[in-house]
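Undergrad: Input entry_32.cif, format and content: mmCIF, C-alpha atoms.
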data_protein
#
loop_
_atom_site.group_PDB
_atom_site.id
_atom_site.type_symbol
_atom_site.label_atom_id
_atom_site.label_comp_id
_atom_site.auth_asym_id
_atom_site.auth_seq_id
_atom_site.Cartn_x
_atom_site.Cartn_y
_atom_site.Cartn_z
ATOM 1 C CA MET T 676 -3.766 -5.154 -27.813
ATOM 2 C CA ASN T 677 -6.282 -4.503 -25.035
ATOM 3 C CA ARG T 678 -5.527 -4.243 -21.334
ATOM 4 C CA ARG T 679 -6.161 -7.887 -20.485
ATOM 5 C CA GLN T 680 -4.114 -9.095 -23.441
ATOM 6 C CA PHE T 681 -1.252 -6.860 -22.382
ATOM 7 C CA CYS T 682 -1.408 -8.149 -18.815
ATOM 8 C CA ALA T 683 -1.485 -11.756 -19.963
ATOM 9 C CA ALA T 684 1.530 -11.183 -22.216
ATOM 10 C CA ALA T 685 3.463 -9.500 -19.424
ATOM 11 C CA ALA T 686 2.556 -11.992 -16.718
ATOM 12 C CA GLY T 687 5.451 -14.377 -17.300
ATOM 13 C CA VAL T 688 8.054 -11.626 -17.400
ATOM 14 C CA LEU T 689 6.789 -9.892 -14.288
ATOM 15 C CA ALA T 690 6.310 -13.113 -12.351
ATOM 16 C CA ALA T 691 9.930 -13.947 -13.092
ATOM 17 C CA CYS T 692 10.820 -10.507 -11.780
ATOM 18 C CA ALA T 693 9.101 -11.318 -8.501
ATOM 19 C CA GLY T 694 10.940 -14.580 -8.150
ATOM 20 C CA THR T 695 14.457 -13.456 -9.098
ATOM 21 C CA ALA T 696 14.773 -9.807 -8.088
ATOM 22 C CA GLY T 697 17.563 -9.444 -5.539
ATOM 23 C CA GLN T 698 17.264 -7.636 -2.276
ATOM 24 C CA PRO T 699 17.697 -3.892 -2.578
ATOM 25 C CA GLU T 700 21.136 -2.661 -1.525
ATOM 26 C CA LYS T 701 19.620 -0.050 0.758
ATOM 27 C CA THR T 702 16.358 0.619 2.529
ATOM 28 C CA THR T 703 13.602 1.358 0.022
ATOM 29 C CA VAL T 704 10.175 2.851 0.692
ATOM 30 C CA TYR T 705 7.573 1.788 -1.873
ATOM 31 C CA ILE T 706 4.612 4.186 -2.145
ATOM 32 C CA ILE T 707 1.457 2.505 -3.456
ATOM 33 C CA HIS T 708 -1.514 4.623 -4.479
ATOM 34 C CA ASP T 709 -5.241 3.932 -4.401
ATOM 35 C CA TYR T 710 -8.271 3.643 -6.648
ATOM 36 C CA ASP T 711 -8.731 6.461 -9.203
ATOM 37 C CA ALA T 712 -5.379 7.987 -8.316
ATOM 38 C CA ALA T 713 -1.882 8.252 -9.716
ATOM 39 C CA THR T 714 1.588 8.788 -8.351
ATOM 40 C CA GLU T 715 1.221 12.566 -8.736
ATOM 41 C CA ASN T 716 -1.978 12.798 -6.676
ATOM 42 C CA HIS T 717 -2.738 13.485 -3.028
ATOM 43 C CA TRP T 718 0.303 13.377 -0.692
ATOM 44 C CA PHE T 719 2.274 10.771 -2.637
ATOM 45 C CA PRO T 720 4.727 13.078 -4.487
ATOM 46 C CA TRP T 721 5.304 15.107 -1.322
ATOM 47 C CA LEU T 722 6.157 11.966 0.651
ATOM 48 C CA HIS T 723 8.444 10.779 -2.132
ATOM 49 C CA ALA T 724 10.301 14.105 -2.182
ATOM 50 C CA GLN T 725 10.602 14.295 1.601
ATOM 51 C CA LEU T 726 12.083 10.822 1.870
ATOM 52 C CA ARG T 727 14.542 11.396 -0.958
ATOM 53 C CA ALA T 728 15.648 14.687 0.590
ATOM 54 C CA GLN T 729 16.737 12.657 3.621
ATOM 55 C CA GLY T 730 18.682 10.197 1.512
ATOM 56 C CA ILE T 731 16.048 7.456 1.782
ATOM 57 C CA ARG T 732 15.399 5.614 -1.453
ATOM 58 C CA ALA T 733 11.711 5.952 -2.405
ATOM 59 C CA VAL T 734 9.795 4.424 -5.302
ATOM 60 C CA LEU T 735 6.364 5.552 -6.501
ATOM 61 C CA VAL T 736 4.569 2.503 -7.929
ATOM 62 C CA PRO T 737 2.326 3.545 -10.876
ATOM 63 C CA LEU T 738 -0.617 1.145 -10.816
ATOM 64 C CA PRO T 739 -2.309 1.201 -14.249
ATOM 65 C CA GLU T 740 -5.811 2.405 -15.133
ATOM 66 C CA SER T 741 -6.721 3.111 -11.546
ATOM 67 C CA GLU T 742 -10.211 4.334 -12.416
ATOM 68 C CA SER T 743 -11.057 0.704 -13.257
ATOM 69 C CA PRO T 744 -8.395 -1.460 -11.617
ATOM 70 C CA ASP T 745 -7.567 -4.838 -13.063
ATOM 71 C CA PHE T 746 -6.475 -7.163 -10.251
ATOM 72 C CA ASP T 747 -3.946 -9.098 -12.328
ATOM 73 C CA CYS T 748 -2.404 -5.957 -13.824
ATOM 74 C CA TRP T 749 -1.978 -4.394 -10.402
ATOM 75 C CA GLN T 750 -0.307 -7.524 -9.033
ATOM 76 C CA GLN T 751 1.980 -7.727 -12.045
ATOM 77 C CA THR T 752 2.933 -4.068 -11.636
ATOM 78 C CA LEU T 753 3.820 -4.695 -7.994
ATOM 79 C CA ALA T 754 5.970 -7.603 -9.163
ATOM 80 C CA GLN T 755 7.703 -5.357 -11.681
ATOM 81 C CA TYR T 756 8.482 -2.542 -9.240
ATOM 82 C CA VAL T 757 8.950 -4.438 -5.981
ATOM 83 C CA GLY T 758 10.112 -7.909 -6.955
ATOM 84 C CA ARG T 759 10.611 -10.118 -3.922
ATOM 85 C CA PRO T 760 10.473 -7.917 -0.812
ATOM 86 C CA SER T 761 13.221 -8.075 1.798
ATOM 87 C CA GLU T 762 13.939 -6.853 5.307
ATOM 88 C CA ASN T 763 15.014 -3.575 3.661
ATOM 89 C CA SER T 764 11.581 -2.997 2.089
ATOM 90 C CA ILE T 765 9.162 -0.529 3.670
ATOM 91 C CA PHE T 766 5.685 -0.096 2.215
ATOM 92 C CA VAL T 767 3.368 2.904 2.385
ATOM 93 C CA ALA T 768 -0.025 2.171 0.846
ATOM 94 C CA HIS T 769 -3.375 3.943 0.636
ATOM 95 C CA SER T 770 -6.915 2.517 0.478
ATOM 96 C CA LEU T 771 -7.280 -0.017 -2.383
ATOM 97 C CA GLY T 772 -3.501 -0.071 -2.571
ATOM 98 C CA THR T 773 -3.401 -1.577 0.922
ATOM 99 C CA VAL T 774 -5.471 -4.680 0.225
ATOM 100 C CA SER T 775 -3.616 -5.133 -3.084
ATOM 101 C CA LEU T 776 -0.279 -4.929 -1.270
ATOM 102 C CA LEU T 777 -1.342 -7.345 1.460
ATOM 103 C CA HIS T 778 -2.310 -9.910 -1.176
ATOM 104 C CA TYR T 779 1.045 -9.421 -2.903
ATOM 105 C CA LEU T 780 2.966 -9.915 0.332
ATOM 106 C CA SER T 781 0.933 -13.025 1.146
ATOM 107 C CA ALA T 782 1.634 -14.438 -2.309
ATOM 108 C CA THR T 783 5.371 -13.674 -2.392
ATOM 109 C CA ASN T 784 5.767 -14.615 1.312
ATOM 110 C CA PRO T 785 9.140 -13.037 2.091
ATOM 111 C CA PRO T 786 10.584 -14.110 5.442
ATOM 112 C CA ARG T 787 10.993 -10.494 6.562
ATOM 113 C CA ILE T 788 10.081 -6.977 5.468
ATOM 114 C CA GLY T 789 11.077 -3.686 7.046
ATOM 115 C CA GLY T 790 7.624 -2.419 7.870
ATOM 116 C CA LEU T 791 4.143 -1.348 6.780
ATOM 117 C CA VAL T 792 2.474 2.062 6.905
ATOM 118 C CA LEU T 793 -1.147 1.673 5.808
ATOM 119 C CA VAL T 794 -3.535 4.603 5.284
ATOM 120 C CA SER T 795 -7.345 4.248 5.072
ATOM 121 C CA ALA T 796 -6.624 0.554 5.011
ATOM 122 C CA PHE T 797 -8.872 -2.490 4.850
ATOM 123 C CA GLY T 798 -8.396 -6.210 4.452
ATOM 124 C CA ALA T 799 -11.948 -7.414 3.846
ATOM 125 C CA PRO T 800 -15.108 -6.238 2.040
ATOM 126 C CA ILE T 801 -16.429 -2.879 3.194
ATOM 127 C CA PRO T 802 -20.075 -3.337 4.227
ATOM 128 C CA THR T 803 -20.975 0.226 3.230
ATOM 129 C CA LEU T 804 -19.205 0.232 -0.135
ATOM 130 C CA HIS T 805 -19.794 -2.519 -2.697
ATOM 131 C CA GLU T 806 -18.975 -0.600 -5.874
ATOM 132 C CA ILE T 807 -17.535 2.769 -6.921
ATOM 133 C CA ASN T 808 -18.637 4.417 -10.170
ATOM 134 C CA GLY T 809 -19.354 1.024 -11.709
ATOM 135 C CA PHE T 810 -16.150 -0.592 -10.399
ATOM 136 C CA ASP T 811 -17.052 -3.811 -8.548
ATOM 137 C CA LEU T 812 -15.088 -3.379 -5.336
ATOM 138 C CA ASP T 813 -16.458 -6.570 -3.772
ATOM 139 C CA ALA T 814 -15.297 -8.648 -6.735
ATOM 140 C CA TYR T 815 -11.815 -7.121 -6.553
ATOM 141 C CA ILE T 816 -11.506 -7.775 -2.819
ATOM 142 C CA ALA T 817 -12.719 -11.343 -3.351
ATOM 143 C CA ARG T 818 -9.577 -11.925 -5.438
ATOM 144 C CA CYS T 819 -7.361 -10.876 -2.527
ATOM 145 C CA ARG T 820 -6.048 -13.727 -0.414
ATOM 146 C CA ILE T 821 -4.444 -12.289 2.692
ATOM 147 C CA ASP T 822 -2.592 -14.419 5.224
ATOM 148 C CA PHE T 823 -2.677 -12.155 8.252
ATOM 149 C CA ALA T 824 -0.574 -14.479 10.414
ATOM 150 C CA VAL T 825 2.157 -14.644 7.780
ATOM 151 C CA ILE T 826 2.245 -10.855 7.426
ATOM 152 C CA ARG T 827 2.407 -10.425 11.207
ATOM 153 C CA ARG T 828 5.521 -12.614 11.200
ATOM 154 C CA MET T 829 7.158 -10.517 8.474
ATOM 155 C CA THR T 830 7.554 -7.409 10.615
ATOM 156 C CA ARG T 831 6.926 -5.919 14.041
ATOM 157 C CA HIS T 832 6.565 -2.463 12.507
ATOM 158 C CA ILE T 833 2.984 -1.998 11.302
ATOM 159 C CA GLU T 834 1.350 1.432 11.576
ATOM 160 C CA LEU T 835 -2.190 2.118 10.364
ATOM 161 C CA PHE T 836 -3.862 5.507 9.903
ATOM 162 C CA THR T 837 -7.552 6.277 9.682
ATOM 163 C CA ALA T 838 -9.713 9.365 10.078
ATOM 164 C CA ASP T 839 -12.682 9.663 12.381
ATOM 165 C CA ASN T 840 -14.772 10.965 9.466
ATOM 166 C CA ASP T 841 -13.656 8.722 6.586
ATOM 167 C CA THR T 842 -16.866 7.851 4.738
ATOM 168 C CA ILE T 843 -15.147 5.789 2.028
ATOM 169 C CA VAL T 844 -13.282 3.392 4.305
ATOM 170 C CA PRO T 845 -14.934 3.954 7.698
ATOM 171 C CA PRO T 846 -12.606 3.698 10.720
ATOM 172 C CA ASP T 847 -14.002 0.363 11.896
ATOM 173 C CA ASN T 848 -12.658 -1.299 8.750
ATOM 174 C CA THR T 849 -9.140 -0.048 9.422
ATOM 175 C CA ARG T 850 -9.488 -0.942 13.097
ATOM 176 C CA ARG T 851 -10.378 -4.532 12.229
ATOM 177 C CA LEU T 852 -7.336 -4.753 9.970
ATOM 178 C CA ALA T 853 -5.115 -3.338 12.712
ATOM 179 C CA ASP T 854 -6.387 -6.042 15.057
ATOM 180 C CA ALA T 855 -5.788 -8.765 12.459
ATOM 181 C CA LEU T 856 -2.226 -7.581 11.802
ATOM 182 C CA GLY T 857 -1.349 -6.683 15.375
ATOM 183 C CA GLY T 858 -0.557 -3.159 14.174
ATOM 184 C CA ARG T 859 -0.820 0.197 15.882
ATOM 185 C CA LEU T 860 -3.822 2.311 14.870
ATOM 186 C CA HIS T 861 -3.690 6.109 14.666
ATOM 187 C CA VAL T 862 -6.939 8.080 14.323
ATOM 188 C CA ILE T 863 -6.571 11.529 12.748
ATOM 189 C CA PRO T 864 -9.440 13.961 13.374
ATOM 190 C CA ASN T 865 -11.270 15.256 10.284
ATOM 191 C CA GLY T 866 -8.917 13.561 7.845
ATOM 192 C CA GLY T 867 -11.587 12.247 5.517
ATOM 193 C CA HIS T 868 -10.009 9.834 3.060
ATOM 194 C CA PHE T 869 -6.752 11.826 2.983
ATOM 195 C CA LEU T 870 -7.321 13.111 -0.552
ATOM 196 C CA ASP T 871 -5.874 16.227 -2.136
ATOM 197 C CA ARG T 872 -9.347 17.649 -2.699
ATOM 198 C CA GLU T 873 -9.785 17.407 1.074
ATOM 199 C CA GLY T 874 -6.607 19.399 1.567
ATOM 200 C CA PHE T 875 -4.151 16.523 1.974
ATOM 201 C CA THR T 876 -1.209 17.251 -0.275
ATOM 202 C CA GLU T 877 1.050 16.517 2.710
ATOM 203 C CA LEU T 878 0.687 13.891 5.431
ATOM 204 C CA PRO T 879 3.375 14.406 8.103
ATOM 205 C CA PRO T 880 2.261 11.568 10.439
ATOM 206 C CA VAL T 881 2.798 9.057 7.649
ATOM 207 C CA LEU T 882 6.190 10.563 6.839
ATOM 208 C CA ARG T 883 7.207 10.297 10.494
ATOM 209 C CA ALA T 884 6.104 6.652 10.591
ATOM 210 C CA ALA T 885 8.124 5.780 7.477
ATOM 211 C CA GLU T 886 11.135 7.703 8.817
ATOM 212 C CA ALA T 887 10.944 5.825 12.112
ATOM 213 C CA VAL T 888 10.999 2.432 10.409
ATOM 214 C CA ALA T 889 13.846 3.510 8.114
ATOM 215 C CA GLY T 890 15.776 4.781 11.135
ATOM 216 C CA ARG T 891 15.399 1.473 12.962
ATOM 217 C CA LEU T 892 16.602 -0.443 9.917
ATOM 218 C CA LYS T 893 19.623 1.856 9.583
ATOM 219 C CA ALA T 894 20.485 1.347 13.244
ATOM 220 C CA GLN T 895 20.335 -2.416 12.817
ATOM 221 C CA LEU T 896 22.891 -2.228 10.012
ATOM 222 C CA GLN T 897 25.385 -0.196 12.020
#
Just give me the structure as C-alpha cells.

TA:
Amino acid sequence: MNRRQFCAAAAGVLAACAGTAGQPEKTTVYIIHDYDAATENHWFPWLHAQLRAQGIRAVLVPLPESESPDFDCWQQTLAQYVGRPSENSIFVAHSLGTVSLLHYLSATNPPRIGGLVLVSAFGAPIPTLHEINGFDLDAYIARCRIDFAVIRRMTRHIELFTADNDTIVPPDNTRRLADALGGRLHVIPNGGHFLDREGFTELPPVLRAAEAVAGRLKAQLQ
C-alpha cells in the first residue's frame, strides 16, 4: 500500500475522529512541526519537556513524510491527534505546520480555542519561495483554505514570532499573517528560521508565550 492509498483508507476513520473527539479534560498544547522535520528536531522536544515539567499536557504531532508532505495525510494526522479543538486547546506551530494548522482550524471551525503561537508563520504563498527540493510549495498552499475572520473569533491570544534574517519565510510574510489574524508579532534578531542547525534547540520566547496562554486558561477555570 503506497502513501496515498494509506491516506485514502484512513480518511474515514480520522475524519470521524475529528467530528467525535471530546474536549480534552485539561489544557493541552499541541506542537506541530514543519517541512522536512520531525518531532525530535529543532526546539520541539525541549518545548514538550518544559511544558510537561510544569504539569501542562503537551502533545507532539508527528506529521508523516515531512520531506515531501502530502496535504491530505497531514490534515488526517491533525484530525487523529487533535480531533475537534476546544477552548482548552493551545497550538504551537512552525513554518509549513502553521498554514496546515490554520486550514485545519478553518475546516473544523471550533467556536473557541485557547490560543495560537505561530513561528516563522505564513498564510499565503511566499513570493520568494515556490518550491523546496522538488516539493511544490505553491501547490500545497493552494490547497489551504484559511478563514482569517473565523480564526480571529476563536481566540484573543495569538502570538507570532519571526526573525529579522529569516530567508525561508521572510518577516514580511509573517507580518502579513499577523495583520490578518489580529495577532501580536515578535521579531527576534538573528533567529534565522529557528532550526537546530542554526543553534535553536531551545526557544524560550515561545515557551513563555505558551505558558502565558495556559496560565490564563487555568485562571479562568478557578

Undergrad: When you draw a straight line from CA of Asn865 in chain T to CA of Asn840 in chain T, how long is it in Å?

TA: 5.6 Å

Undergrad: With all atoms listed in the file as the basis for distance, which of T:Gly798, T:Pro720, T:Pro737, T:Tyr705 is at the shortest distance from Pro760 in chain T?

TA: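 That would be T:Tyr705, the residue with the smallest distance to Pro760 in chain T.
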
Undergrad: CA of Ile863 in chain T and CA of Ala887 in chain T are how many Å apart?

TA: 18.4 Å

Undergrad: Tell me, in Å to one decimal, how far CA of Lys893 in chain T is from CA of Phe719 in chain T.

TA: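 These two atoms are separated by 23.0 Å.
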
Undergrad: Please identify all polymer residues within 7 Å of Ser741 in chain T, counting all atoms listed in the file, omitting same-chain residues fewer than 3 positions from it, and present them as a PyMOL selection string.

TA: chain T and resi 710-712+738+744

Undergrad: Skipping near chain neighbours, those fewer than 5 positions away, what residues fall within 10 Å of Leu870 in chain T using only C-alpha atoms, listed as a list of chain:residue names?

TA: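 That gives T:Ala712, T:Asn716, T:His717, T:Trp718, T:Phe875, T:Thr876, T:Glu877.
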
Undergrad: Got time to write the residues from that selection, C-alpha atoms, as a PDB file, in the frame of the given file?

TA:
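Below is the file again_1.pdb, written as the result:
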ATOM      1  CA  ALA T 712      -5.379   7.987  -8.316  1.00  0.00           C
ATOM      2  CA  ASN T 716      -1.978  12.798  -6.676  1.00  0.00           C
ATOM      3  CA  HIS T 717      -2.738  13.485  -3.028  1.00  0.00           C
ATOM      4  CA  TRP T 718       0.303  13.377  -0.692  1.00  0.00           C
ATOM      5  CA  PHE T 875      -4.151  16.523   1.974  1.00  0.00           C
ATOM      6  CA  THR T 876      -1.209  17.251  -0.275  1.00  0.00           C
ATOM      7  CA  GLU T 877       1.050  16.517   2.710  1.00  0.00           C
TER       8      GLU T 877
END

Undergrad: Can you give me, as a PyMOL selection string, the residues this file yields under the PyMOL selection byres ((chain T and resi 704) around 6)?

TA: chain T and resi 703+705+733+765-766

Undergrad: Go ahead and save the residues from that selection, with C-alpha atoms, as a PDB file, in the coordinates of the input.

TA:
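Everything below was put into part.pdb:
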ATOM      1  CA  THR T 703      13.602   1.358   0.022  1.00  0.00           C
ATOM      2  CA  TYR T 705       7.573   1.788  -1.873  1.00  0.00           C
ATOM      3  CA  ALA T 733      11.711   5.952  -2.405  1.00  0.00           C
ATOM      4  CA  ILE T 765       9.162  -0.529   3.670  1.00  0.00           C
ATOM      5  CA  PHE T 766       5.685  -0.096   2.215  1.00  0.00           C
TER       6      PHE T 766
END

Undergrad: Using only C-alpha atoms, collect all residues at a distance of at most 9 Å from (-10.6, -6.8, 6.0) as written in the file, then present them as a PyMOL selection string.

TA: chain T and resi 774+796-801+816+821+848-849+851-852+855

Undergrad: Point out the residue among T:His778, T:Arg891, T:Arg883, T:Arg859 with the least atom-to-atom distance to Ile826 in chain T, counting all atoms listed in the file.

TA: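 Closest candidate: T:His778.
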
Undergrad: Check the smallest atom-to-atom distance from each of T:Lys701, T:Ser743, T:Gln895, T:Asp709 to Phe810 in chain T using all atoms listed in the file, then report the winner.

TA: T:Ser743

Undergrad: Please evaluate the PyMOL selection byres ((chain T and resi 833) around 7) against the displayed coordinates and give the resulting residues as a PyMOL selection string.

TA: chain T and resi 790-792+831-832+834-835+858-859

Undergrad: Between T:Ile788, T:Ala838, T:Cys819, T:Ala884, which is the closest to Gly866 in chain T once you count all atoms listed in the file?

TA: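 Closest to Gly866 in chain T of all the choices is T:Ala838.
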
Undergrad: Determine the axis-aligned bounding box of all atoms of range 812-818 of chain T present in the file, pad each side by 6 Å, and express its centre and edge lengths in Å to one decimal place as lines of an AutoDock Vina configuration file.

TA:
center_x = -13.0
center_y = -7.7
center_z = -4.8
size_x = 18.9
size_y = 20.5
size_z = 15.9

Undergrad: Since fewer atoms than expected are present, regenerate N, CA and C atoms for range 856-881 of chain T and write them as a PDB file, in the frame of the given file.

TA:
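And here's out.pdb as it stands now:
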ATOM      1  N   LEU T 856      -3.667  -7.641  12.061  1.00  0.00           N
ATOM      2  CA  LEU T 856      -2.226  -7.581  11.802  1.00  0.00           C
ATOM      3  C   LEU T 856      -1.405  -7.343  13.065  1.00  0.00           C
ATOM      4  N   GLY T 857      -2.081  -7.038  14.169  1.00  0.00           N
ATOM      5  CA  GLY T 857      -1.349  -6.683  15.375  1.00  0.00           C
ATOM      6  C   GLY T 857      -0.625  -5.363  15.228  1.00  0.00           C
ATOM      7  N   GLY T 858      -1.187  -4.454  14.417  1.00  0.00           N
ATOM      8  CA  GLY T 858      -0.557  -3.159  14.174  1.00  0.00           C
ATOM      9  C   GLY T 858      -1.085  -2.081  15.099  1.00  0.00           C
ATOM     10  N   ARG T 859      -0.426  -0.938  15.057  1.00  0.00           N
ATOM     11  CA  ARG T 859      -0.820   0.197  15.882  1.00  0.00           C
ATOM     12  C   ARG T 859      -1.682   1.143  15.051  1.00  0.00           C
ATOM     13  N   LEU T 860      -2.863   1.472  15.586  1.00  0.00           N
ATOM     14  CA  LEU T 860      -3.822   2.311  14.870  1.00  0.00           C
ATOM     15  C   LEU T 860      -3.730   3.756  15.358  1.00  0.00           C
ATOM     16  N   HIS T 861      -3.688   4.675  14.382  1.00  0.00           N
ATOM     17  CA  HIS T 861      -3.690   6.109  14.666  1.00  0.00           C
ATOM     18  C   HIS T 861      -4.955   6.705  14.043  1.00  0.00           C
ATOM     19  N   VAL T 862      -5.717   7.437  14.814  1.00  0.00           N
ATOM     20  CA  VAL T 862      -6.939   8.080  14.323  1.00  0.00           C
ATOM     21  C   VAL T 862      -6.685   9.581  14.218  1.00  0.00           C
ATOM     22  N   ILE T 863      -6.808  10.106  13.004  1.00  0.00           N
ATOM     23  CA  ILE T 863      -6.571  11.529  12.748  1.00  0.00           C
ATOM     24  C   ILE T 863      -7.913  12.234  12.634  1.00  0.00           C
ATOM     25  N   PRO T 864      -8.153  13.255  13.429  1.00  0.00           N
ATOM     26  CA  PRO T 864      -9.440  13.961  13.374  1.00  0.00           C
ATOM     27  C   PRO T 864      -9.639  14.664  12.023  1.00  0.00           C
ATOM     28  N   ASN T 865     -10.852  14.520  11.484  1.00  0.00           N
ATOM     29  CA  ASN T 865     -11.270  15.256  10.284  1.00  0.00           C
ATOM     30  C   ASN T 865     -10.334  15.044   9.094  1.00  0.00           C
ATOM     31  N   GLY T 866      -9.819  13.837   8.958  1.00  0.00           N
ATOM     32  CA  GLY T 866      -8.917  13.561   7.845  1.00  0.00           C
ATOM     33  C   GLY T 866      -9.608  13.100   6.577  1.00  0.00           C
ATOM     34  N   GLY T 867     -10.892  12.764   6.693  1.00  0.00           N
ATOM     35  CA  GLY T 867     -11.587  12.247   5.517  1.00  0.00           C
ATOM     36  C   GLY T 867     -10.886  11.002   4.993  1.00  0.00           C
ATOM     37  N   HIS T 868     -10.701  10.971   3.688  1.00  0.00           N
ATOM     38  CA  HIS T 868     -10.009   9.834   3.060  1.00  0.00           C
ATOM     39  C   HIS T 868      -8.585  10.221   2.670  1.00  0.00           C
ATOM     40  N   PHE T 869      -8.119  11.341   3.212  1.00  0.00           N
ATOM     41  CA  PHE T 869      -6.752  11.826   2.983  1.00  0.00           C
ATOM     42  C   PHE T 869      -6.483  12.077   1.498  1.00  0.00           C
ATOM     43  N   LEU T 870      -7.416  12.782   0.870  1.00  0.00           N
ATOM     44  CA  LEU T 870      -7.321  13.111  -0.552  1.00  0.00           C
ATOM     45  C   LEU T 870      -6.879  14.562  -0.730  1.00  0.00           C
ATOM     46  N   ASP T 871      -6.301  14.855  -1.901  1.00  0.00           N
ATOM     47  CA  ASP T 871      -5.874  16.227  -2.136  1.00  0.00           C
ATOM     48  C   ASP T 871      -7.048  17.193  -2.170  1.00  0.00           C
ATOM     49  N   ARG T 872      -8.200  16.753  -2.671  1.00  0.00           N
ATOM     50  CA  ARG T 872      -9.347  17.649  -2.699  1.00  0.00           C
ATOM     51  C   ARG T 872      -9.900  17.927  -1.296  1.00  0.00           C
ATOM     52  N   GLU T 873      -9.439  17.160  -0.324  1.00  0.00           N
ATOM     53  CA  GLU T 873      -9.785  17.407   1.074  1.00  0.00           C
ATOM     54  C   GLU T 873      -8.688  18.197   1.783  1.00  0.00           C
ATOM     55  N   GLY T 874      -7.684  18.600   1.014  1.00  0.00           N
ATOM     56  CA  GLY T 874      -6.607  19.399   1.567  1.00  0.00           C
ATOM     57  C   GLY T 874      -5.348  18.631   1.912  1.00  0.00           C
ATOM     58  N   PHE T 875      -5.291  17.348   1.574  1.00  0.00           N
ATOM     59  CA  PHE T 875      -4.151  16.523   1.974  1.00  0.00           C
ATOM     60  C   PHE T 875      -3.169  16.348   0.818  1.00  0.00           C
ATOM     61  N   THR T 876      -2.348  17.360   0.635  1.00  0.00           N
ATOM     62  CA  THR T 876      -1.209  17.251  -0.275  1.00  0.00           C
ATOM     63  C   THR T 876       0.069  16.945   0.502  1.00  0.00           C
ATOM     64  N   GLU T 877      -0.025  16.936   1.813  1.00  0.00           N
ATOM     65  CA  GLU T 877       1.050  16.517   2.710  1.00  0.00           C
ATOM     66  C   GLU T 877       0.421  15.668   3.801  1.00  0.00           C
ATOM     67  N   LEU T 878       1.194  14.742   4.348  1.00  0.00           N
ATOM     68  CA  LEU T 878       0.687  13.891   5.431  1.00  0.00           C
ATOM     69  C   LEU T 878       1.841  13.576   6.398  1.00  0.00           C
ATOM     70  N   PRO T 879       2.211  14.565   7.218  1.00  0.00           N
ATOM     71  CA  PRO T 879       3.375  14.406   8.103  1.00  0.00           C
ATOM     72  C   PRO T 879       3.347  13.179   9.014  1.00  0.00           C
ATOM     73  N   PRO T 880       2.201  12.765   9.589  1.00  0.00           N
ATOM     74  CA  PRO T 880       2.261  11.568  10.439  1.00  0.00           C
ATOM     75  C   PRO T 880       2.732  10.318   9.699  1.00  0.00           C
ATOM     76  N   VAL T 881       2.362  10.206   8.444  1.00  0.00           N
ATOM     77  CA  VAL T 881       2.798   9.057   7.649  1.00  0.00           C
ATOM     78  C   VAL T 881       4.293   9.161   7.349  1.00  0.00           C
TER      79      VAL T 881
END
